[in-house]
$ cat run_22.tsv   # TSV, C-alpha atoms
chain	number	residue	atom	x	y	z
I	90	ILE	CA	-7.45	-24.16	20.16
I	91	SER	CA	-8.47	-22.38	23.34
I	92	GLY	CA	-12.00	-21.21	24.05
I	93	ASP	CA	-10.80	-17.60	24.05
I	94	ILE	CA	-9.65	-17.93	20.44
I	95	ILE	CA	-12.93	-19.56	19.38
I	96	THR	CA	-14.86	-16.78	21.13
I	97	GLY	CA	-12.71	-14.11	19.50
I	98	MET	CA	-13.32	-15.61	16.07
I	99	ALA	CA	-17.07	-15.72	16.71
I	100	VAL	CA	-17.13	-12.07	17.78
I	101	MET	CA	-15.26	-11.00	14.63
I	102	GLU	CA	-17.60	-12.98	12.38
I	103	LYS	CA	-20.88	-12.02	14.06
I	104	ARG	CA	-20.25	-8.43	15.16
I	105	MET	CA	-17.66	-7.18	12.66
I	106	LYS	CA	-18.97	-9.29	9.74
I	107	ILE	CA	-15.46	-10.60	9.00
I	108	THR	CA	-15.29	-13.75	6.86
I	109	ALA	CA	-14.28	-17.13	8.24
I	110	GLU	CA	-11.14	-17.10	6.06
I	111	SER	CA	-9.96	-13.85	7.61
I	112	THR	CA	-10.83	-14.80	11.20
I	113	LEU	CA	-8.87	-18.03	10.72
I	114	GLY	CA	-5.84	-15.90	9.88
I	115	PHE	CA	-6.28	-14.06	13.18
I	116	ALA	CA	-6.71	-17.38	15.00
I	117	LYS	CA	-3.48	-18.80	13.58
I	118	ALA	CA	-1.64	-15.65	14.62
I	119	ALA	CA	-3.18	-15.86	18.08
I	120	VAL	CA	-1.89	-19.43	18.51
I	121	ALA	CA	1.59	-18.47	17.28
I	122	SER	CA	1.87	-15.27	19.32
I	123	GLN	CA	0.01	-16.41	22.45
I	124	LYS	CA	-2.13	-13.30	22.15
I	125	SER	CA	-5.92	-13.27	22.02
I	126	VAL	CA	-7.82	-12.72	18.79
I	127	LYS	CA	-9.34	-9.70	20.50
I	128	GLN	CA	-5.91	-8.19	21.18
I	129	LEU	CA	-4.76	-8.81	17.61
I	130	SER	CA	-7.92	-7.21	16.22
I	131	HIS	CA	-7.37	-4.20	18.48
I	132	ASP	CA	-3.77	-3.97	17.25
I	133	ALA	CA	-5.01	-4.03	13.66
I	134	LEU	CA	-7.60	-1.33	14.34
I	135	GLU	CA	-4.97	0.90	15.95
I	136	GLY	CA	-2.74	0.48	12.89
I	137	ALA	CA	-5.59	1.32	10.53
I	138	LEU	CA	-6.52	4.39	12.58
I	139	ALA	CA	-2.88	5.55	12.51
I	140	THR	CA	-3.00	5.50	8.70
I	141	GLU	CA	-6.32	7.32	8.83
I	142	LYS	CA	-4.67	10.04	10.91
I	143	GLU	CA	-1.62	10.18	8.62
I	144	PHE	CA	-3.70	10.70	5.46
I	145	GLY	CA	-6.42	12.77	7.10
I	146	VAL	CA	-9.19	10.72	5.49
I	147	ARG	CA	-11.54	7.98	6.68
I	148	VAL	CA	-10.51	4.36	6.18
I	149	ASP	CA	-12.91	1.45	5.67
I	150	LEU	CA	-11.90	-0.28	8.91
I	151	ARG	CA	-13.88	-3.47	8.30
I	152	LYS	CA	-12.24	-3.89	4.90
I	153	VAL	CA	-8.78	-3.32	6.42
I	154	ILE	CA	-9.39	-5.96	9.12
I	155	GLU	CA	-10.73	-8.37	6.48
I	156	LYS	CA	-7.67	-7.95	4.25
I	157	THR	CA	-5.25	-8.05	7.18
I	158	GLY	CA	-6.51	-11.47	8.26
I	159	LYS	CA	-6.13	-12.81	4.71
I	160	VAL	CA	-2.49	-11.81	4.27
I	161	SER	CA	-0.46	-15.01	3.94
I	162	GLY	CA	2.72	-16.50	2.51
I	163	GLN	CA	5.89	-14.43	2.34
I	164	LEU	CA	4.05	-11.22	3.18
I	165	ARG	CA	2.83	-12.75	6.42
I	166	GLY	CA	6.36	-13.91	7.15
I	167	ILE	CA	7.70	-10.37	6.72
I	168	TYR	CA	5.26	-8.91	9.25
I	169	GLY	CA	5.09	-11.90	11.60
I	170	ASN	CA	2.36	-11.28	14.16
I	171	ASN	CA	2.74	-7.49	14.15
I	172	PHE	CA	-0.86	-6.84	13.16
I	173	ASN	CA	-0.56	-3.16	14.02
I	174	LEU	CA	2.09	-2.57	11.34
I	175	LEU	CA	0.44	-4.99	8.93
I	176	ALA	CA	-2.97	-3.30	9.14
I	177	LYS	CA	-1.34	0.13	8.91
I	178	THR	CA	0.31	-0.93	5.65
I	179	VAL	CA	-2.85	-2.61	4.34
I	180	ALA	CA	-4.78	0.62	5.01
I	181	LYS	CA	-2.16	2.73	3.23
I	182	ALA	CA	-2.33	0.45	0.19
I	183	GLN	CA	-6.14	0.65	0.28
I	184	LEU	CA	-6.07	4.45	0.29
I	185	LEU	CA	-3.78	4.38	-2.75
I	186	GLY	CA	-6.17	2.06	-4.57
I	187	MET	CA	-3.87	-0.95	-4.28
I	188	THR	CA	-3.77	-4.31	-2.53
I	189	MET	CA	-0.88	-5.64	-0.48
I	190	GLN	CA	-0.17	-8.11	-3.28
I	191	ASP	CA	0.03	-5.23	-5.77
I	192	VAL	CA	2.54	-3.49	-3.51
I	193	ALA	CA	4.55	-6.67	-2.96
I	194	ASN	CA	4.72	-7.41	-6.70
I	195	SER	CA	5.73	-3.85	-7.46
I	196	SER	CA	8.46	-3.85	-4.81
I	197	LYS	CA	9.85	-7.17	-6.08
I	198	SER	CA	10.51	-5.58	-9.46
I	199	MET	CA	12.86	-3.17	-7.68
I	200	LEU	CA	15.00	-6.07	-6.45
I	201	ASN	CA	16.37	-6.64	-9.94
I	202	PHE	CA	18.72	-3.74	-9.38
I	203	GLN	CA	20.20	-3.58	-12.88
I	204	SER	CA	16.80	-3.59	-14.57
I	205	SER	CA	15.39	-1.14	-12.03
I	206	ILE	CA	18.23	1.35	-12.47
I	207	GLU	CA	17.98	1.06	-16.26
I	208	SER	CA	14.22	1.75	-16.08
I	209	GLU	CA	14.86	4.74	-13.81
I	210	MET	CA	17.42	6.21	-16.23
I	211	LYS	CA	15.08	5.60	-19.18
I	212	ALA	CA	12.24	7.41	-17.38
I	213	GLU	CA	14.54	10.32	-16.55
I	214	LEU	CA	15.49	10.59	-20.22
I	215	PHE	CA	11.84	10.58	-21.36
I	216	LEU	CA	10.64	12.93	-18.62
I	217	GLY	CA	13.57	15.33	-18.59
I	218	LYS	CA	13.75	15.26	-14.80
I	219	GLN	CA	15.55	13.37	-12.05
I	220	LEU	CA	13.99	10.51	-10.12
I	221	ASN	CA	15.39	9.13	-6.88
I	222	LEU	CA	14.40	5.50	-6.31
I	223	GLU	CA	17.32	4.47	-4.10
I	224	GLN	CA	15.19	4.56	-0.95
I	225	ALA	CA	12.40	2.68	-2.73
I	226	ARG	CA	14.85	-0.09	-3.63
I	227	LEU	CA	16.13	-0.19	-0.05
I	228	ALA	CA	12.58	-0.41	1.29
I	229	ALA	CA	11.83	-3.22	-1.18
I	230	LEU	CA	14.92	-5.08	-0.01
I	231	THR	CA	13.99	-4.80	3.68
I	232	GLY	CA	10.28	-5.52	3.13
I	233	ASP	CA	9.26	-2.08	4.40
I	234	HIS	CA	6.18	-1.75	2.20
I	235	ALA	CA	4.88	1.39	3.93
I	236	LYS	CA	8.16	3.22	3.22
I	237	TYR	CA	8.16	1.79	-0.30
I	238	MET	CA	4.72	3.27	-1.01
I	239	ASP	CA	5.86	6.64	0.38
I	240	GLU	CA	8.82	6.68	-2.02
I	241	ILE	CA	6.71	5.64	-5.00
I	242	VAL	CA	4.19	8.41	-4.32
I	243	LYS	CA	7.02	10.92	-3.85
I	244	ASN	CA	8.51	10.10	-7.27
I	245	ALA	CA	5.25	9.64	-9.16
I	246	GLY	CA	4.11	13.28	-9.17
I	247	ASP	CA	0.38	13.92	-9.39
I	248	PHE	CA	-2.45	13.03	-11.72
I	249	VAL	CA	-2.42	16.37	-13.56
I	250	ASP	CA	1.31	16.00	-14.30
I	251	PHE	CA	0.67	12.43	-15.43
I	252	SER	CA	-2.18	13.46	-17.73
I	253	GLN	CA	0.10	15.99	-19.46
I	254	MET	CA	2.63	13.29	-20.43
I	255	ASN	CA	2.58	11.46	-23.73
I	256	VAL	CA	2.01	7.69	-23.74
I	257	MET	CA	5.72	6.82	-23.90
I	258	GLN	CA	6.47	9.06	-20.92
I	259	GLN	CA	3.61	7.55	-18.91
I	260	ASN	CA	4.79	4.03	-19.71
I	261	ALA	CA	8.41	4.83	-18.81
I	262	LEU	CA	7.45	6.40	-15.48
I	263	ALA	CA	5.19	3.47	-14.56
I	264	GLU	CA	7.87	0.94	-15.49
I	265	SER	CA	10.47	2.71	-13.35
I	266	LEU	CA	8.08	2.51	-10.37
I	267	GLY	CA	7.35	-1.18	-10.87
I	268	LEU	CA	3.70	-0.53	-11.80
I	269	SER	CA	1.56	-0.93	-14.87
I	270	THR	CA	0.50	2.34	-16.47
I	271	ASP	CA	-3.11	1.69	-15.40
I	272	GLN	CA	-2.04	1.00	-11.80
I	273	LEU	CA	-0.05	4.23	-11.68
I	274	ALA	CA	-2.90	6.28	-13.14
I	275	ASP	CA	-5.40	4.79	-10.68
I	276	MET	CA	-3.05	5.32	-7.74
I	277	LEU	CA	-2.44	8.97	-8.63
I	278	LEU	CA	-6.12	9.68	-9.06
I	279	GLN	CA	-6.95	7.88	-5.82
I	280	GLN	CA	-4.56	9.89	-3.67
I	281	ALA	CA	-5.08	13.21	-5.38
I	282	ASP	CA	-6.56	16.22	-3.67
I	283	LEU	CA	-9.24	17.18	-6.17
I	284	ASN	CA	-9.38	20.85	-5.16
I	285	GLN	CA	-5.64	21.30	-5.67
I	286	LEU	CA	-5.86	19.47	-8.97
I	287	LYS	CA	-8.62	21.79	-10.18
I	288	GLU	CA	-6.49	24.85	-9.35
I	289	LYS	CA	-3.45	23.37	-11.07
I	290	ALA	CA	-5.50	22.40	-14.12
I	291	ARG	CA	-6.81	25.98	-14.39
I	292	ASP	CA	-3.26	27.33	-14.20
I	293	ILE	CA	-2.09	25.21	-17.12
I	294	GLY	CA	-5.27	25.81	-19.12
$ encode --input "run_22.tsv" --output "structure tokens"
Amino acid sequence: ISGDIITGMAVMEKRMKITAESTLGFAKAAVASQKSVKQLSHDALEGALATEKEFGVRVDLRKVIEKTGKVSGQLRGIYGNNFNLLAKTVAKAQLLGMTMQDVANSSKSMLNFQSSIESEMKAELFLGKQLNLEQARLAALTGDHAKYMDEIVKNAGDFVDFSQMNVMQQNALAESLGLSTDQLADMLLQQADLNQLKEKARDIG
């Protein structure tokens, strides 16, 4: 391992307070991509800041870098050494109160197309409204987790709507989105604009 990589790891650990496990992930990517750890960390920061701009809220950058370095296995294979896109997706999951593993597990449930379509139709029957999860299934198939999260949020509604549902409706909606009911509730509350929710809650009494 080159001195530049060792130095980059040391800087991340000492200055950014990133764990050794995470910096090792950056080091492995640096060896594979022939980039420096510094460049990869800059790529990750740019991705996280892009998500910050998209959502209009602050992101815990240190936490995003920490989690980005720890991504491994199939997820790492999907993103390769594109730490910009990986960190952008990690940050989006973080803002929705989820981890990358949560998102990956949820998206995998969409790949059982028959079961997924049946769950979607069941939810539509319980909710009395149409869902459109075709793009979510496509995103799951291509490993586009950022797009997948966008589609899930689009179909999930908001926390006030969710709180007005009965338990069977909540369970059916969560199942159709590949989430547990608790995960869906937490995600909706996490991404909700509280001022808008207060106005909507007043309107419906």
$ closest_residue --input "run_22.tsv" --among "I:Asn170, I:Ser204, I:Gln253, I:Asn194" --to "Lys289 of chain I" --atoms "only C-alpha atoms"
I:Gln253
$ atom_distance --input "run_22.tsv" --atom1 "atom CA of Leu214 of chain I" --atom2 "atom CA of Met257 of chain I"
11.1 Å
$ residues_around --input "run_22.tsv" --residues "segment 173-177 of chain I" --least-positions-apart "6" --cutoff "8 Å" --atoms "all atoms listed in the file" --output "PyMOL selection string"
chain I and resi 129+132-140+153-154+157
$ atom_distance --input "run_22.tsv" --atom1 "atom CA of Lys142 of chain I" --atom2 "atom CA of Thr178 of chain I"
13.1 Å
$ closest_residue --input "run_22.tsv" --among "I:Ile94, I:Ala212, I:Val249, I:Ala281" --to "Gly267 of chain I" --atoms "only C-alpha atoms"
I:Ala212
$ closest_residue --input "run_22.tsv" --among "I:His131, I:Met101, I:Ala193, I:Gln280" --to "Gly145 of chain I" --atoms "all atoms listed in the file"
I:Gln280
$ atom_distance --input "run_22.tsv" --atom1 "atom CA of Tyr168 of chain I" --atom2 "atom CA of Lys152 of chain I"
18.7 Å
$ closest_residue --input "run_22.tsv" --among "I:Glu240, I:Glu264, I:Asp292, I:Glu143" --to "Ser208 of chain I" --atoms "only C-alpha atoms"
I:Glu264
$ residues_around --input "run_22.tsv" --residues "Glu155 of chain I" --least-positions-apart "3" --cutoff "7 Å" --atoms "all atoms listed in the file" --output "mmCIF file with C-alpha atoms, in the frame of the given file"
data_model
loop_
_atom_site.group_PDB
_atom_site.id
_atom_site.type_symbol
_atom_site.label_atom_id
_atom_site.label_comp_id
_atom_site.auth_asym_id
_atom_site.auth_seq_id
_atom_site.Cartn_x
_atom_site.Cartn_y
_atom_site.Cartn_z
ATOM 1 C CA ILE I 107 -15.460 -10.600 9.000
ATOM 2 C CA SER I 111 -9.960 -13.850 7.610
ATOM 3 C CA ARG I 151 -13.880 -3.470 8.300
ATOM 4 C CA LYS I 152 -12.240 -3.890 4.900
ATOM 5 C CA GLY I 158 -6.510 -11.470 8.260
ATOM 6 C CA LYS I 159 -6.130 -12.810 4.710
#
$ residues_around --input "run_22.tsv" --residues "Asp250 of chain I" --least-positions-apart "2" --cutoff "12 Å" --atoms "all atoms listed in the file" --output "VMD selection string"
chain I and resid 216 244 to 248 252 to 255 258 to 259 262 274 277 to 278 281 286 289 to 290 293
$ closest_residue --input "run_22.tsv" --among "I:Leu220, I:Val126, I:Leu150, I:Met187" --to "Lys106 of chain I" --atoms "only C-alpha atoms"
I:Leu150
$ closest_residue --input "run_22.tsv" --among "I:His234, I:Ile95, I:Ser265, I:Leu273" --to "Phe251 of chain I" --atoms "all atoms listed in the file"
I:Leu273
$ residues_around --input "run_22.tsv" --residues "Val160 of chain I" --least-positions-apart "4" --cutoff "9 Å" --atoms "all atoms listed in the file" --output "list in words"
Ser111, Gly114, Lys156, Leu164, Arg165, Leu175, Met189 and Gln190 of chain I
$ write_last_selection --input "run_22.tsv" --atoms "C-alpha atoms" --output "PDB file, in the frame of the given file"
ATOM      1  CA  SER I 111      -9.960 -13.850   7.610  1.00  0.00           C
ATOM      2  CA  GLY I 114      -5.840 -15.900   9.880  1.00  0.00           C
ATOM      3  CA  LYS I 156      -7.670  -7.950   4.250  1.00  0.00           C
ATOM      4  CA  LEU I 164       4.050 -11.220   3.180  1.00  0.00           C
ATOM      5  CA  ARG I 165       2.830 -12.750   6.420  1.00  0.00           C
ATOM      6  CA  LEU I 175       0.440  -4.990   8.930  1.00  0.00           C
ATOM      7  CA  MET I 189      -0.880  -5.640  -0.480  1.00  0.00           C
ATOM      8  CA  GLN I 190      -0.170  -8.110  -3.280  1.00  0.00           C
TER       9      GLN I 190
END
$ axis_aligned_box --input "run_22.tsv" --around "segment 222-227 of chain I" --padding-each-side "5 Å" --output "AutoDock Vina command-line options"
--center_x 14.9 --center_y 2.7 --center_z -3.2 --size_x 14.9 --size_y 15.7 --size_z 16.3
